[in-house]
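**Q** First the structure, which I've put down as structure tokens, then a few questions once you've had a look.
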Amino acid sequence: MDLIVLQSLNNFSLLKNFINDETDILVFDQSIMITLDSKNIKYKVVEDFYSKEEYYNDVHKFRIKVSDLLNYLDTTLIKKIDFPYSFSGNEHYFSTWFDDLLFLDTLIKIIKKKYIRFYFFSSSQPVKNQQDNFSFSQLNSSKINGTISFRYLRSQKNQLKILYNALEPVFIKDNFLLKKSIPFIQKLIKNTHRLNNYFYKNLVLKNFKNIKKEKSKNIKVYSIQDSYEILPLKKYLPNLSYENPFTKLRQEIELIKPQKLNFVKLDHEINNFSNNNFSFLGSYCNKVLKSYFVEIVGRLVIFKKKFEFLVKKDAPKVLLLGSGTRDVFDTLCCYVFNELKINVIFFQHTGSRILNDKAYDESLEFNQRVHKTLIVQSKRDVGRLKNPKTETVCFGSIQQYERNKNQKNIKKKRNIFLCLGPDIDFSFRHMIENYSTYKKHRQSLDIMSIAEKLHIPIDIKLHPTGEKESFFNYQKIIQNHNFKNSKILYGSNVENIADYYKIIITDYISSTSFRHLIGLKVPIIIYDQDFDKMKISKKDLKIITERCYVAKQKDDLEVLLNEFLVSKLESKWSESVIDKLIYPISEGNPGNNIARYIETIIKDN
């Protein structure tokens, strides 16, 4: 048997020459799935070789080995770095990268056993792996507000290069097509929403400054992540001076030559780990870990000294983080505050763990590396997330409280709002949540086809991750199936438009926007064929089903939408669900409560 890996598909006539009964086609990208569907060509996707269930079990065993490795490297380096978490401090991004690497290595192993010959069909030939190390910029996500997220390593381009080098296939040159441009009206909508957000933030900040002028106090706090809950919190604490020296310091550190450190003790352990856990990608794993040691660990001592100097100079009273310890530099900042006995406060990044019990949340929010207070949104999270280094308090979401209280009495003129999950062609780790590119593709087709059959207008809200690619994919689906009732929404925020709809359907509940959706007083349908496989307790699942209808099959969805058509599908909104998931109703405004809490901390200091 032969296997053709399709990276692009612009010349179908050429591809047909290689298709026969002894050939399988492996597809990663939704756009190619759409094209092959239209031509009735069968193809395989990654879960045909390595199932979500197998991957889930393998990942949880593998993570223990990863944790042991990172802890060993930490211990070996602690005296030289004067910081105990030089590797594990970057656990969040190491975990996601290692999980993807495990899947890719296992996939390569499985298909190399099954097939004799390999073909790589693409408009551009991947380059051979180079032996030199990755640079700081390749490990960093961006020059401004970047984190050590290995963005380049996890890119589709790099993942395909790894696959190409491992399989050593025959290369077939596909036609090259210029990338399509988003239509003007969609660009205008997106830019309008961006401007609105920009002016809102600046208006809020301007108001802070005006209020601060009238105040006698000028107490400094560090706020290094102004995401989700922190920006609205500032309205309740206008007399504080919010400083963020972090962005500039991250930019400066890239320009500084890293400290040279002895790698001998680590080399043996990393080699053993890479060779024992990866059949084909061991040398690549080695290269990444050693690059991290040189480029990142080599800069930690310098970064720590600079940050300590700033903290002592500014004397901030508290450190606020809206997303937790994303990478090693976040962890190092929290550690410095711990050493100086200054309070650190985290806010839940994507809401209650009841909604999305992601393994990666632990490294962000309730790890046992730094002492902090975690402000949670559900009372059920208080006990489950508490540990020796994490104090938990339940005040709820300021952002969602304000949105719920400010809901306008809008006449709901539009029908179905379909809120899709992210575009994740090469982010295999999402399969731990039972989500994949193929699943998204098939389920969205089901939803759109039923809406078409029942003549219900449906607006498709694309996820911000991969939005541009998704736009063209769903445009193509609409054209291929001649869907008359489907419309694509581009560039807008869920929070700005969902209020106008009579019913909401989503295929992905692990996004922050799901919090907003469940606060709307309309019926919500979760369409998830793997809903019963969710790794959430029965009690927590019950809370979700108290608020949402769940359709596990296409027929179930059609029944629910038929009920909607005849006005028999009631909203399951209730204050009880809001109280359990988003903020404690009886406690009032979370903004006032959190503000009082922080003021007490500052006063006690």
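Within each chain, counting starts at residue 1; across the structure tokens, chains are named A, B, ... in the order shown, with ligands numbered 1 upward in that order.
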Run DSSP on the backbone and grab whatever in segment 53-227 of chain A lands in strand (DSSP E); send it over as a PDB file with C-alpha atoms, in the first residue's frame.

**A**
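The result, stored in part09.pdb:
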ATOM      1  CA  ARG A 117       5.827   4.000  -0.346  1.00  0.00           C
ATOM      2  CA  PHE A 118       5.017   7.615   0.500  1.00  0.00           C
ATOM      3  CA  TYR A 119       4.157  10.578  -1.692  1.00  0.00           C
ATOM      4  CA  PHE A 120       4.022  14.214  -0.649  1.00  0.00           C
ATOM      5  CA  PHE A 121       1.672  16.301  -2.796  1.00  0.00           C
ATOM      6  CA  SER A 122       2.280  20.003  -2.297  1.00  0.00           C
ATOM      7  CA  VAL A 170       8.506  11.112  -3.303  1.00  0.00           C
ATOM      8  CA  PHE A 171       7.662  14.784  -3.841  1.00  0.00           C
ATOM      9  CA  ILE A 172       4.882  15.656  -6.299  1.00  0.00           C
ATOM     10  CA  LYS A 173       4.735  19.293  -7.326  1.00  0.00           C
ATOM     11  CA  ILE A 219      -0.282  53.326  44.862  1.00  0.00           C
ATOM     12  CA  LYS A 220       1.472  51.205  42.263  1.00  0.00           C
ATOM     13  CA  VAL A 221       0.494  47.711  41.225  1.00  0.00           C
ATOM     14  CA  TYR A 222       1.989  45.574  38.478  1.00  0.00           C
ATOM     15  CA  SER A 223      -0.445  44.262  35.898  1.00  0.00           C
ATOM     16  CA  ILE A 224       1.461  42.232  33.322  1.00  0.00           C
ATOM     17  CA  GLN A 225      -1.556  40.667  31.583  1.00  0.00           C
TER      18      GLN A 225
END

**Q** List as a list of chain:residue names the protein and nucleic acid residues near Lys109 of chain A, meaning an atom at most 8 Å away when only C-alpha atoms are counted, but skip any in the same chain fewer than 3 places from it.

**A**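 Selected residues are A:Asp105, A:Thr106, A:Lys112, A:Lys113, A:Ser279, A:Phe280.
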
**Q** As an exercise, work out the distance from atom CA of Ile602 of chain A to atom CA of Glu339 of chain A in Å and give it to one decimal place.

**A**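 Straight-line distance from atom CA of Ile602 of chain A to atom CA of Glu339 of chain A works out to 17.2 Å.
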
**Q** Do you know which residues are at most 12 Å from Asn406 of chain A counting only C-alpha atoms, after dropping those on the same chain fewer than 3 positions away, and could you put them as a list in words?

**A**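 So, after excluding close chain neighbours, the residues are Gln399, Gln400, Tyr401, Glu402, Arg403, Asn409, Ile410, Glu495, Asp499, Gly519 and Leu520 of chain A.
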
**Q** Pick out the closest residue to Pro316 of chain A from this set: A:Gly396, A:Pro245, A:Pro183, A:Pro238. Count only C-alpha atoms.

**A** A:Pro245
